[in-house]
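Dumped model_18.txt below, it's compact mmCIF, C-alpha atoms and all ligand atoms:
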```txt
# COMPACT_ATOMS: atom_id res chain seq x y z
CA MET A 1 -14.98 -36.04 17.01
CA PRO A 2 -14.29 -33.83 13.98
CA LYS A 3 -12.08 -30.80 14.51
CA VAL A 4 -12.99 -27.23 13.61
CA PHE A 5 -10.66 -24.25 13.70
CA VAL A 6 -12.30 -20.82 13.97
CA THR A 7 -9.90 -18.05 13.04
CA ARG A 8 -11.30 -15.47 15.49
CA GLN A 9 -13.71 -15.18 18.38
CA ILE A 10 -17.15 -15.05 16.71
CA PRO A 11 -20.44 -14.63 18.64
CA GLU A 12 -21.02 -17.52 21.06
CA PRO A 13 -24.23 -18.93 19.54
CA GLY A 14 -22.22 -19.95 16.45
CA LEU A 15 -19.52 -21.56 18.58
CA ASP A 16 -22.13 -23.31 20.76
CA LEU A 17 -23.68 -24.88 17.69
CA LEU A 18 -20.28 -26.05 16.43
CA ARG A 19 -19.42 -27.51 19.84
CA GLN A 20 -22.42 -29.85 19.64
CA PHE A 21 -20.80 -31.58 16.66
CA ALA A 22 -17.09 -30.99 16.87
CA GLU A 23 -14.04 -30.22 18.91
CA VAL A 24 -13.71 -26.48 18.41
CA LYS A 25 -10.54 -24.43 18.63
CA VAL A 26 -10.89 -20.65 18.44
CA TRP A 27 -8.02 -18.26 17.66
CA PRO A 28 -8.27 -15.97 20.69
CA GLU A 29 -6.35 -12.89 19.55
CA GLU A 30 -7.68 -9.61 18.18
CA LEU A 31 -5.44 -9.88 15.12
CA PRO A 32 -5.86 -12.73 12.61
CA PRO A 33 -3.69 -15.82 13.06
CA PRO A 34 -0.33 -15.38 11.32
CA ARG A 35 -0.11 -17.29 8.06
CA GLU A 36 2.23 -19.98 9.51
CA THR A 37 -0.18 -20.55 12.39
CA LEU A 38 -3.12 -20.91 10.05
CA LEU A 39 -1.19 -23.34 7.84
CA ARG A 40 -0.31 -25.38 10.92
CA GLU A 41 -3.80 -25.31 12.42
CA VAL A 42 -5.58 -26.53 9.28
CA LYS A 43 -3.41 -29.65 9.07
CA ASP A 44 -5.71 -31.81 11.16
CA CYS A 45 -8.97 -29.89 10.71
CA ASP A 46 -12.18 -31.22 9.24
CA ALA A 47 -13.62 -27.73 8.94
CA LEU A 48 -12.43 -24.15 9.09
CA VAL A 49 -14.44 -21.02 9.88
CA SER A 50 -12.54 -18.23 8.16
CA LEU A 51 -12.79 -14.45 8.07
CA LEU A 52 -12.22 -12.07 5.20
CA THR A 53 -8.75 -11.47 6.65
CA ASP A 54 -7.71 -15.11 6.02
CA ARG A 55 -6.42 -16.09 2.58
CA ILE A 56 -7.85 -19.44 1.59
CA ASP A 57 -5.79 -20.66 -1.36
CA GLY A 58 -4.16 -23.74 -2.85
CA GLU A 59 -1.15 -23.52 -0.52
CA LEU A 60 -3.42 -23.63 2.54
CA LEU A 61 -5.70 -26.32 1.16
CA ASP A 62 -2.69 -28.53 0.37
CA GLN A 63 -1.84 -28.59 4.09
CA ALA A 64 -5.29 -29.80 5.01
CA SER A 65 -5.87 -33.34 3.83
CA LYS A 66 -8.96 -33.85 6.05
CA LEU A 67 -10.59 -30.51 5.32
CA LYS A 68 -14.16 -30.82 4.06
CA VAL A 69 -15.43 -27.25 4.30
CA VAL A 70 -14.34 -23.66 4.75
CA ALA A 71 -17.18 -21.48 6.00
CA ASN A 72 -16.45 -17.79 5.46
CA TYR A 73 -17.90 -15.53 8.13
CA ALA A 74 -18.83 -12.92 5.47
CA VAL A 75 -20.95 -12.60 2.38
CA GLY A 76 -17.93 -11.46 0.32
CA TYR A 77 -15.47 -14.20 -0.54
CA ASP A 78 -12.69 -12.53 -2.51
CA ASN A 79 -10.32 -13.96 0.13
CA MET A 80 -11.06 -17.46 -1.15
CA ASP A 81 -9.71 -19.16 -4.25
CA ILE A 82 -12.84 -20.95 -5.42
CA SER A 83 -11.20 -22.92 -8.20
CA ALA A 84 -8.38 -24.14 -5.92
CA ALA A 85 -11.00 -25.41 -3.44
CA THR A 86 -13.16 -26.97 -6.14
CA GLN A 87 -10.17 -28.80 -7.62
CA ARG A 88 -9.48 -30.29 -4.19
CA GLY A 89 -13.12 -31.06 -3.43
CA VAL A 90 -13.28 -28.63 -0.48
CA LEU A 91 -16.68 -27.01 0.03
CA LEU A 92 -16.77 -23.22 0.45
CA THR A 93 -19.65 -21.29 1.98
CA ASN A 94 -20.52 -17.68 2.84
CA THR A 95 -23.25 -15.82 4.77
CA PRO A 96 -25.58 -14.20 2.21
CA GLY A 97 -28.84 -12.42 3.02
CA VAL A 98 -28.52 -12.04 6.77
CA LEU A 99 -26.40 -8.92 6.58
CA THR A 100 -28.19 -7.18 3.70
CA ASP A 101 -30.23 -4.67 5.69
CA THR A 102 -27.56 -3.98 8.28
CA THR A 103 -25.04 -3.24 5.52
CA ALA A 104 -27.55 -1.07 3.66
CA ASP A 105 -28.20 0.85 6.89
CA LEU A 106 -24.49 1.62 7.17
CA ALA A 107 -24.21 2.60 3.50
CA PHE A 108 -27.05 5.03 4.05
CA THR A 109 -25.45 6.27 7.26
CA LEU A 110 -22.32 7.11 5.25
CA ILE A 111 -24.40 8.83 2.56
CA LEU A 112 -25.92 11.03 5.27
CA ALA A 113 -22.72 11.49 7.26
CA ALA A 114 -20.48 12.33 4.30
CA GLY A 115 -23.15 14.45 2.58
CA ARG A 116 -23.90 16.50 5.71
CA ARG A 117 -20.31 16.52 7.05
CA ILE A 118 -21.39 15.00 10.35
CA VAL A 119 -18.02 13.70 11.54
CA GLU A 120 -16.26 16.90 10.54
CA ALA A 121 -18.96 18.92 12.37
CA ASN A 122 -18.58 16.76 15.46
CA ARG A 123 -14.80 17.26 15.43
CA TYR A 124 -15.35 21.01 15.08
CA VAL A 125 -17.52 21.10 18.19
CA MET A 126 -15.24 18.84 20.22
CA ALA A 127 -12.27 21.04 19.32
CA GLY A 128 -14.05 24.01 20.91
CA LYS A 129 -14.44 25.85 17.59
CA TRP A 130 -18.23 26.44 17.81
CA LYS A 131 -18.52 30.20 18.37
CA THR A 132 -21.95 31.09 16.95
CA TRP A 133 -24.60 30.08 14.42
CA GLY A 134 -22.89 30.50 11.08
CA PRO A 135 -24.76 31.20 7.83
CA THR A 136 -22.12 29.36 5.81
CA LEU A 137 -20.83 27.04 8.51
CA LEU A 138 -20.24 23.43 7.40
CA LEU A 139 -22.53 23.52 4.38
CA GLY A 140 -23.06 20.12 2.82
CA GLN A 141 -25.12 18.36 0.16
CA ASP A 142 -28.87 17.74 0.37
CA ILE A 143 -29.74 14.08 0.44
CA HIS A 144 -33.49 14.42 -0.12
CA GLY A 145 -34.35 14.84 -3.78
CA ALA A 146 -30.76 14.12 -4.88
CA THR A 147 -29.76 11.54 -7.47
CA LEU A 148 -28.27 8.35 -6.08
CA GLY A 149 -26.20 6.14 -8.37
CA LEU A 150 -25.90 2.53 -7.29
CA VAL A 151 -23.08 0.47 -8.74
CA GLY A 152 -24.56 -3.00 -8.39
CA LEU A 153 -28.21 -3.83 -7.75
CA GLY A 154 -27.92 -7.12 -5.89
CA ARG A 155 -29.31 -7.72 -2.42
CA ILE A 156 -27.49 -4.85 -0.72
CA GLY A 157 -27.77 -2.36 -3.61
CA SER A 158 -31.54 -2.99 -3.76
CA ALA A 159 -31.85 -2.49 -0.01
CA VAL A 160 -30.08 0.88 -0.34
CA ALA A 161 -32.49 1.81 -3.16
CA ARG A 162 -35.42 1.09 -0.82
CA ARG A 163 -33.97 3.39 1.80
CA ALA A 164 -33.45 6.11 -0.84
CA GLN A 165 -37.18 6.08 -1.60
CA GLY A 166 -37.83 7.47 1.88
CA PHE A 167 -35.59 10.43 1.01
CA ASN A 168 -37.37 11.01 -2.30
CA MET A 169 -34.13 10.37 -4.19
CA LYS A 170 -33.95 9.60 -7.88
CA VAL A 171 -32.13 6.27 -8.13
CA LEU A 172 -29.94 5.29 -11.08
CA TYR A 173 -28.03 2.06 -11.22
CA TYR A 174 -25.41 0.33 -13.28
CA SER A 175 -24.83 -3.38 -13.06
CA VAL A 176 -23.76 -6.35 -15.10
CA PRO A 177 -26.12 -7.93 -16.00
CA ARG A 178 -28.97 -5.43 -16.10
CA ASN A 179 -31.85 -6.46 -13.80
CA GLU A 180 -35.10 -5.32 -15.44
CA GLU A 181 -37.33 -7.09 -12.94
CA MET A 182 -35.70 -5.24 -10.04
CA GLU A 183 -35.87 -1.96 -12.00
CA LYS A 184 -39.65 -2.27 -12.12
CA GLU A 185 -39.97 -3.38 -8.52
CA LEU A 186 -37.84 -0.53 -7.16
CA GLY A 187 -38.55 2.16 -9.75
CA VAL A 188 -34.86 2.62 -10.51
CA GLU A 189 -33.33 3.55 -13.85
CA TYR A 190 -30.57 1.62 -15.61
CA VAL A 191 -27.77 3.79 -17.02
CA SER A 192 -24.28 3.22 -18.37
CA PHE A 193 -21.38 3.53 -15.92
CA ASP A 194 -20.38 6.86 -17.48
CA GLU A 195 -23.93 8.21 -17.20
CA LEU A 196 -24.05 7.12 -13.59
CA LEU A 197 -20.79 8.94 -12.89
CA SER A 198 -21.85 12.19 -14.54
CA GLN A 199 -25.45 12.34 -13.26
CA SER A 200 -25.21 11.14 -9.65
CA ASP A 201 -24.99 13.35 -6.57
CA PHE A 202 -24.22 10.30 -4.43
CA ILE A 203 -22.64 7.07 -5.64
CA SER A 204 -22.74 3.94 -3.52
CA ILE A 205 -20.77 0.82 -4.45
CA HIS A 206 -22.40 -2.61 -4.12
CA VAL A 207 -20.44 -4.98 -6.34
CA PRO A 208 -18.07 -7.76 -5.30
CA LEU A 209 -14.34 -7.36 -5.78
CA THR A 210 -13.35 -9.17 -8.97
CA PRO A 211 -10.65 -8.52 -11.59
CA ASP A 212 -13.31 -6.46 -13.46
CA THR A 213 -14.19 -4.23 -10.51
CA ARG A 214 -10.67 -3.68 -9.12
CA HIS A 215 -9.97 0.07 -9.41
CA LEU A 216 -13.30 0.63 -11.18
CA PHE A 217 -13.16 4.02 -9.48
CA ASN A 218 -9.93 5.42 -10.89
CA ALA A 219 -8.74 8.85 -12.00
CA GLU A 220 -10.78 8.63 -15.18
CA ALA A 221 -13.97 7.77 -13.26
CA PHE A 222 -13.45 10.64 -10.79
CA SER A 223 -12.91 13.06 -13.69
CA LYS A 224 -16.45 12.28 -14.88
CA MET A 225 -18.13 12.89 -11.51
CA LYS A 226 -19.78 16.12 -10.33
CA PRO A 227 -17.67 18.42 -8.12
CA THR A 228 -20.48 18.11 -5.55
CA ALA A 229 -20.57 14.30 -5.70
CA VAL A 230 -20.16 12.02 -2.69
CA LEU A 231 -18.73 8.51 -3.07
CA VAL A 232 -19.64 5.78 -0.58
CA ASN A 233 -17.91 2.40 -0.47
CA THR A 234 -19.16 -0.40 1.77
CA ALA A 235 -18.12 -3.18 -0.66
CA ARG A 236 -14.37 -3.81 -0.88
CA GLY A 237 -11.50 -1.34 -0.66
CA PRO A 238 -9.64 -2.25 -3.87
CA ILE A 239 -12.68 -1.30 -6.01
CA VAL A 240 -11.48 2.26 -5.43
CA ASP A 241 -8.02 3.44 -6.45
CA GLU A 242 -7.18 5.29 -3.24
CA ALA A 243 -4.44 7.45 -4.72
CA ALA A 244 -6.91 8.67 -7.36
CA LEU A 245 -9.60 9.17 -4.70
CA TYR A 246 -7.19 11.27 -2.63
CA ASN A 247 -6.40 13.48 -5.62
CA ALA A 248 -10.11 13.85 -6.45
CA LEU A 249 -11.01 14.81 -2.87
CA LYS A 250 -8.01 17.08 -2.39
CA SER A 251 -8.47 18.95 -5.67
CA GLY A 252 -12.24 19.37 -5.31
CA GLN A 253 -12.99 17.12 -8.27
CA ILE A 254 -15.55 15.48 -5.95
CA ALA A 255 -16.94 16.78 -2.65
CA ALA A 256 -16.64 13.94 -0.16
CA ALA A 257 -16.33 10.23 0.45
CA GLY A 258 -17.64 7.80 3.04
CA LEU A 259 -15.58 4.63 3.35
CA ASP A 260 -16.28 1.49 5.33
CA VAL A 261 -13.60 -0.42 3.45
CA MET A 262 -10.04 0.44 2.44
CA ASP A 263 -7.05 -1.03 0.68
CA PRO A 264 -5.26 -2.26 2.70
CA GLU A 265 -7.16 -2.62 5.96
CA PRO A 266 -6.28 -1.03 8.25
CA PRO A 267 -4.86 1.88 6.23
CA LYS A 268 -1.17 2.64 6.77
CA ALA A 269 -0.61 5.45 9.28
CA ASP A 270 0.74 7.70 6.51
CA ASN A 271 -2.26 7.19 4.19
CA PRO A 272 -3.04 10.79 3.13
CA LEU A 273 -6.79 10.08 3.12
CA LEU A 274 -6.61 10.04 6.92
CA LYS A 275 -5.65 13.71 6.86
CA LEU A 276 -8.62 14.94 4.81
CA ASP A 277 -11.68 16.54 6.39
CA ASN A 278 -13.95 15.52 3.53
CA VAL A 279 -13.58 11.78 4.04
CA THR A 280 -15.47 9.83 6.68
CA ILE A 281 -13.88 6.47 7.42
CA VAL A 282 -15.17 3.65 9.61
CA PRO A 283 -13.36 0.32 10.20
CA HIS A 284 -15.29 -2.15 7.99
CA ILE A 285 -18.33 -2.27 10.29
CA ALA A 286 -21.17 -2.39 7.76
CA SER A 287 -22.50 -5.71 9.07
CA ALA A 288 -21.58 -4.95 12.68
CA SER A 289 -24.87 -5.08 14.55
CA ILE A 290 -25.20 -7.54 17.41
CA ALA A 291 -28.11 -9.35 15.77
CA THR A 292 -26.49 -9.61 12.35
CA ARG A 293 -23.06 -10.71 13.51
CA THR A 294 -24.75 -13.33 15.69
CA ARG A 295 -26.80 -14.59 12.76
CA MET A 296 -23.67 -14.68 10.60
CA ALA A 297 -22.03 -16.86 13.26
CA THR A 298 -24.90 -19.36 13.41
CA MET A 299 -25.11 -19.37 9.63
CA ALA A 300 -21.41 -20.17 9.25
CA ALA A 301 -21.82 -22.88 11.90
CA GLU A 302 -24.86 -24.36 10.12
CA ASN A 303 -22.80 -24.62 6.95
CA VAL A 304 -20.02 -26.43 8.81
CA VAL A 305 -22.43 -28.77 10.59
CA ALA A 306 -24.17 -29.71 7.33
CA ALA A 307 -20.83 -30.54 5.70
CA LEU A 308 -19.69 -32.58 8.73
CA LYS A 309 -22.95 -34.54 8.56
CA GLY A 310 -22.32 -35.27 4.88
CA GLN A 311 -25.09 -32.91 3.78
CA ILE A 312 -24.85 -30.12 1.24
CA PRO A 313 -24.22 -26.84 3.13
CA PRO A 314 -27.12 -24.40 2.65
CA ASN A 315 -24.84 -21.60 1.42
CA ILE A 316 -22.43 -23.52 -0.76
CA LEU A 317 -20.41 -21.41 -3.20
CA ASN A 318 -18.87 -24.24 -5.24
CA LYS A 319 -21.51 -26.86 -5.96
CA GLU A 320 -18.98 -28.57 -8.27
CA ALA A 321 -16.90 -29.47 -5.22
CA TRP A 322 -19.95 -31.11 -3.68
CA ASP A 323 -20.59 -33.09 -6.87
CA LYS A 324 -16.94 -34.10 -6.90
CA ARG A 325 -17.14 -35.37 -3.29
CA ARG A 326 -20.25 -37.41 -4.12
CA LYS A 327 -18.54 -39.27 -6.98
C1 LIG A 401 -18.93 -9.23 4.22
O1 LIG A 401 -19.72 -9.99 4.81
O2 LIG A 401 -18.47 -9.47 3.11
C2 LIG A 401 -18.60 -7.95 4.93
O3 LIG A 401 -17.63 -7.23 4.31
C3 LIG A 401 -18.33 -8.18 6.39
O4 LIG A 401 -19.51 -8.53 6.96
```

Can the structure from this file be put into structure tokens for me?
Ligand code: DGY
Amino acid sequence: MPKVFVTRQIPEPGLDLLRQFAEVKVWPEELPPPRETLLREVKDCDALVSLLTDRIDGELLDQASKLKVVANYAVGYDNMDISAATQRGVLLTNTPGVLTDTTADLAFTLILAAGRRIVEANRYVMAGKWKTWGPTLLLGQDIHGATLGLVGLGRIGSAVARRAQGFNMKVLYYSVPRNEEMEKELGVEYVSFDELLSQSDFISIHVPLTPDTRHLFNAEAFSKMKPTAVLVNTARGPIVDEAALYNALKSGQIAAAGLDVMDPEPPKADNPLLKLDNVTIVPHIASASIATRTRMATMAAENVVAALKGQIPPNILNKEAWDKRRK
């Protein structure tokens, strides 16, 4: 029977599906397997189900002479070296589509929470500070009627735009390439990155982490934003330069931030962002609904099963590797 290593406990339906076709070993700990363990475990594996916390690179793939497929339990795949896998004929897959709406829900939650200072307000009450109704107590930013700037208008960005319609927001977007079809469908306006920065009341990030998007939000970007602006990041931490974000939040250059992702994750205990009232941070839970995480698990398993059966996985990221295996 083929062997599959799963680098963390994922929802059972995914594991059940894998067990019908393979001998499955699951890393049982809360923390990811240490690098040496992962390198050892892949040695005799036919398939690996990885998480965004596992680095899949040439060094790892060189340990794994039997490995056919690595199925990432995530839509983002910046943890994987696509060209290293393609060179070695290893198929890579991800979980697109199934987490779009759940992630957009969380992005919108952060827009609301950071804009209306919900977490700060909750802390205020819990600390026993609520004395009376206050005319200027915990004033925040209106969401309805505000301008939302989306960086990226792919599946998740578009889903956030749809939610913004219900709040009567004006939606601007910047993306490479421009998507005119989607603009018409959603009634959103394409602007340059600088225009997006200067005109938006809320900015929500929906691009993958690539060399081009790393530190896209840096000191220069923050200097172009409104002092009332709120930044939301549910994409990947390194898209935001955290030192620059801290300075912008601390100095009042922008009003607030809502972060689902950080760099690194978890943040170090002395990360100064953790001390600010105007930042709302959650631990990378944008896709964390029971239904979505379960669907991600079955989707990752379906990709593994297809590869083990010699079929093309439905969510293949490197079709060239498939072509290479067929030769
Ligand atoms: C992803 O899928 O890329 C998210 O960050 C985790 O669901």

Record the distance separating CA of Ala306 (chain A) and CA of Ile156 (chain A), expressed in Å with one decimal.
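Separation of CA of Ala306 (chain A) and CA of Ile156 (chain A): 26.3 Å.
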
Work out how far CA of Pro266 (chain A) is from CA of Ile281 (chain A), in Å to one decimal.
10.7 Å

Select from region 63-132 of chain A every residue with an atom at most 12 Å from any atom of region 218-228 of chain A, then for each give the shortest pair of atoms and their distance in Å to one decimal, using only C-alpha atoms, rows by chain and rising number, as CSV.
```
residue,atom,partner,partner_atom,distance
A:Ala114,CA,A:Thr228,CA,11.4
A:Gly115,CA,A:Thr228,CA,9.3
A:Arg116,CA,A:Thr228,CA,11.9
```

Convert the current residue selection to file output with C-alpha atoms, as a CSV table (one decimal), keeping the file's coordinate frame.
```csv
chain,number,residue,atom,x,y,z
A,114,ALA,CA,-20.5,12.3,4.3
A,115,GLY,CA,-23.2,14.4,2.6
A,116,ARG,CA,-23.9,16.5,5.7
```

Counting only C-alpha atoms and all ligand atoms, which residue out of A:Asp260, A:Glu183, A:Asp62, A:Asp241 sits closest to ligand LIG 401 (chain A)?
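Among the listed residues, A:Asp260 lies closest to ligand LIG 401 (chain A).
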
Name the closest residue to Asn94 (chain A) among the candidates A:Leu15, A:Ala300, A:Ile254, A:Val232; distances are taken between atoms, counting only C-alpha atoms.
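Looking only at the distances to Asn94 (chain A), the closest residue turns out to be A:Ala300.
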
Hey, what's within 7 Å of region 133-145 of chain A if we count all atoms listed in the file and toss same-chain stuff fewer than 4 positions away? As a list in words, please?
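Once the nearby chain positions are removed, what remains is Leu112, Gly115, Arg116, Arg117, Ala121, Phe167, Asn168, Met169 and Lys170 of chain A.
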
Starting from the structure just given, write a file holding region 193-222 of chain A with N, CA and C atoms, as a PDB file, in the first residue's frame.
```pdb
ATOM      1  N   PHE A 193      -1.885  51.787  -7.658  1.00  0.00           N
ATOM      2  CA  PHE A 193      -1.630  51.469  -6.250  1.00  0.00           C
ATOM      3  C   PHE A 193      -1.610  52.755  -5.404  1.00  0.00           C
ATOM      4  N   ASP A 194      -0.959  53.797  -5.943  1.00  0.00           N
ATOM      5  CA  ASP A 194      -0.877  55.053  -5.195  1.00  0.00           C
ATOM      6  C   ASP A 194      -2.255  55.677  -4.996  1.00  0.00           C
ATOM      7  N   GLU A 195      -3.090  55.611  -6.032  1.00  0.00           N
ATOM      8  CA  GLU A 195      -4.456  56.157  -5.892  1.00  0.00           C
ATOM      9  C   GLU A 195      -5.241  55.375  -4.844  1.00  0.00           C
ATOM     10  N   LEU A 196      -5.050  54.057  -4.885  1.00  0.00           N
ATOM     11  CA  LEU A 196      -5.743  53.223  -3.900  1.00  0.00           C
ATOM     12  C   LEU A 196      -5.333  53.623  -2.477  1.00  0.00           C
ATOM     13  N   LEU A 197      -4.024  53.836  -2.304  1.00  0.00           N
ATOM     14  CA  LEU A 197      -3.524  54.200  -0.971  1.00  0.00           C
ATOM     15  C   LEU A 197      -4.116  55.523  -0.509  1.00  0.00           C
ATOM     16  N   SER A 198      -4.152  56.510  -1.406  1.00  0.00           N
ATOM     17  CA  SER A 198      -4.556  57.851  -0.962  1.00  0.00           C
ATOM     18  C   SER A 198      -6.072  58.016  -0.860  1.00  0.00           C
ATOM     19  N   GLN A 199      -6.836  57.172  -1.577  1.00  0.00           N
ATOM     20  CA  GLN A 199      -8.293  57.397  -1.589  1.00  0.00           C
ATOM     21  C   GLN A 199      -9.084  56.467  -0.668  1.00  0.00           C
ATOM     22  N   SER A 200      -8.460  55.374  -0.216  1.00  0.00           N
ATOM     23  CA  SER A 200      -9.242  54.364   0.515  1.00  0.00           C
ATOM     24  C   SER A 200      -9.371  54.675   2.006  1.00  0.00           C
ATOM     25  N   ASP A 201     -10.554  54.370   2.540  1.00  0.00           N
ATOM     26  CA  ASP A 201     -10.750  54.435   3.996  1.00  0.00           C
ATOM     27  C   ASP A 201     -10.368  53.093   4.636  1.00  0.00           C
ATOM     28  N   PHE A 202     -10.605  52.033   3.866  1.00  0.00           N
ATOM     29  CA  PHE A 202     -10.223  50.684   4.313  1.00  0.00           C
ATOM     30  C   PHE A 202      -9.436  50.065   3.167  1.00  0.00           C
ATOM     31  N   ILE A 203      -8.373  49.358   3.506  1.00  0.00           N
ATOM     32  CA  ILE A 203      -7.615  48.641   2.471  1.00  0.00           C
ATOM     33  C   ILE A 203      -7.528  47.183   2.905  1.00  0.00           C
ATOM     34  N   SER A 204      -7.892  46.287   2.004  1.00  0.00           N
ATOM     35  CA  SER A 204      -7.834  44.862   2.338  1.00  0.00           C
ATOM     36  C   SER A 204      -6.954  44.153   1.311  1.00  0.00           C
ATOM     37  N   ILE A 205      -6.034  43.351   1.812  1.00  0.00           N
ATOM     38  CA  ILE A 205      -5.004  42.739   0.948  1.00  0.00           C
ATOM     39  C   ILE A 205      -5.432  41.338   0.516  1.00  0.00           C
ATOM     40  N   HIS A 206      -5.408  41.100  -0.793  1.00  0.00           N
ATOM     41  CA  HIS A 206      -5.817  39.790  -1.333  1.00  0.00           C
ATOM     42  C   HIS A 206      -4.924  39.358  -2.494  1.00  0.00           C
ATOM     43  N   VAL A 207      -3.621  39.476  -2.284  1.00  0.00           N
ATOM     44  CA  VAL A 207      -2.661  39.007  -3.288  1.00  0.00           C
ATOM     45  C   VAL A 207      -1.798  37.917  -2.647  1.00  0.00           C
ATOM     46  N   PRO A 208      -1.249  37.026  -3.484  1.00  0.00           N
ATOM     47  CA  PRO A 208      -0.327  36.034  -2.902  1.00  0.00           C
ATOM     48  C   PRO A 208       0.992  36.686  -2.520  1.00  0.00           C
ATOM     49  N   LEU A 209       1.743  36.011  -1.671  1.00  0.00           N
ATOM     50  CA  LEU A 209       3.094  36.480  -1.348  1.00  0.00           C
ATOM     51  C   LEU A 209       4.043  36.040  -2.459  1.00  0.00           C
ATOM     52  N   THR A 210       4.659  37.017  -3.106  1.00  0.00           N
ATOM     53  CA  THR A 210       5.644  36.748  -4.156  1.00  0.00           C
ATOM     54  C   THR A 210       6.784  37.754  -3.930  1.00  0.00           C
ATOM     55  N   PRO A 211       7.891  37.625  -4.667  1.00  0.00           N
ATOM     56  CA  PRO A 211       8.935  38.651  -4.497  1.00  0.00           C
ATOM     57  C   PRO A 211       8.385  40.057  -4.784  1.00  0.00           C
ATOM     58  N   ASP A 212       7.400  40.190  -5.671  1.00  0.00           N
ATOM     59  CA  ASP A 212       6.839  41.513  -5.988  1.00  0.00           C
ATOM     60  C   ASP A 212       5.943  42.073  -4.897  1.00  0.00           C
ATOM     61  N   THR A 213       5.318  41.201  -4.113  1.00  0.00           N
ATOM     62  CA  THR A 213       4.385  41.720  -3.096  1.00  0.00           C
ATOM     63  C   THR A 213       5.002  41.765  -1.696  1.00  0.00           C
ATOM     64  N   ARG A 214       6.191  41.191  -1.525  1.00  0.00           N
ATOM     65  CA  ARG A 214       6.851  41.247  -0.209  1.00  0.00           C
ATOM     66  C   ARG A 214       7.081  42.714   0.186  1.00  0.00           C
ATOM     67  N   HIS A 215       6.625  43.095   1.347  1.00  0.00           N
ATOM     68  CA  HIS A 215       6.737  44.476   1.844  1.00  0.00           C
ATOM     69  C   HIS A 215       6.150  45.513   0.877  1.00  0.00           C
ATOM     70  N   LEU A 216       5.081  45.115   0.182  1.00  0.00           N
ATOM     71  CA  LEU A 216       4.346  46.072  -0.661  1.00  0.00           C
ATOM     72  C   LEU A 216       3.853  47.225   0.213  1.00  0.00           C
ATOM     73  N   PHE A 217       3.433  46.870   1.439  1.00  0.00           N
ATOM     74  CA  PHE A 217       3.036  47.903   2.399  1.00  0.00           C
ATOM     75  C   PHE A 217       4.245  48.223   3.270  1.00  0.00           C
ATOM     76  N   ASN A 218       4.954  49.282   2.849  1.00  0.00           N
ATOM     77  CA  ASN A 218       6.157  49.717   3.567  1.00  0.00           C
ATOM     78  C   ASN A 218       5.952  51.164   4.021  1.00  0.00           C
ATOM     79  N   ALA A 219       7.014  51.761   4.543  1.00  0.00           N
ATOM     80  CA  ALA A 219       6.879  53.122   5.085  1.00  0.00           C
ATOM     81  C   ALA A 219       6.343  54.086   4.026  1.00  0.00           C
ATOM     82  N   GLU A 220       6.813  53.913   2.801  1.00  0.00           N
ATOM     83  CA  GLU A 220       6.364  54.822   1.735  1.00  0.00           C
ATOM     84  C   GLU A 220       4.862  54.669   1.496  1.00  0.00           C
ATOM     85  N   ALA A 221       4.396  53.402   1.458  1.00  0.00           N
ATOM     86  CA  ALA A 221       2.956  53.162   1.242  1.00  0.00           C
ATOM     87  C   ALA A 221       2.146  53.780   2.385  1.00  0.00           C
ATOM     88  N   PHE A 222       2.576  53.564   3.629  1.00  0.00           N
ATOM     89  CA  PHE A 222       1.804  54.111   4.755  1.00  0.00           C
ATOM     90  C   PHE A 222       1.755  55.637   4.706  1.00  0.00           C
TER      91      PHE A 222
END
```
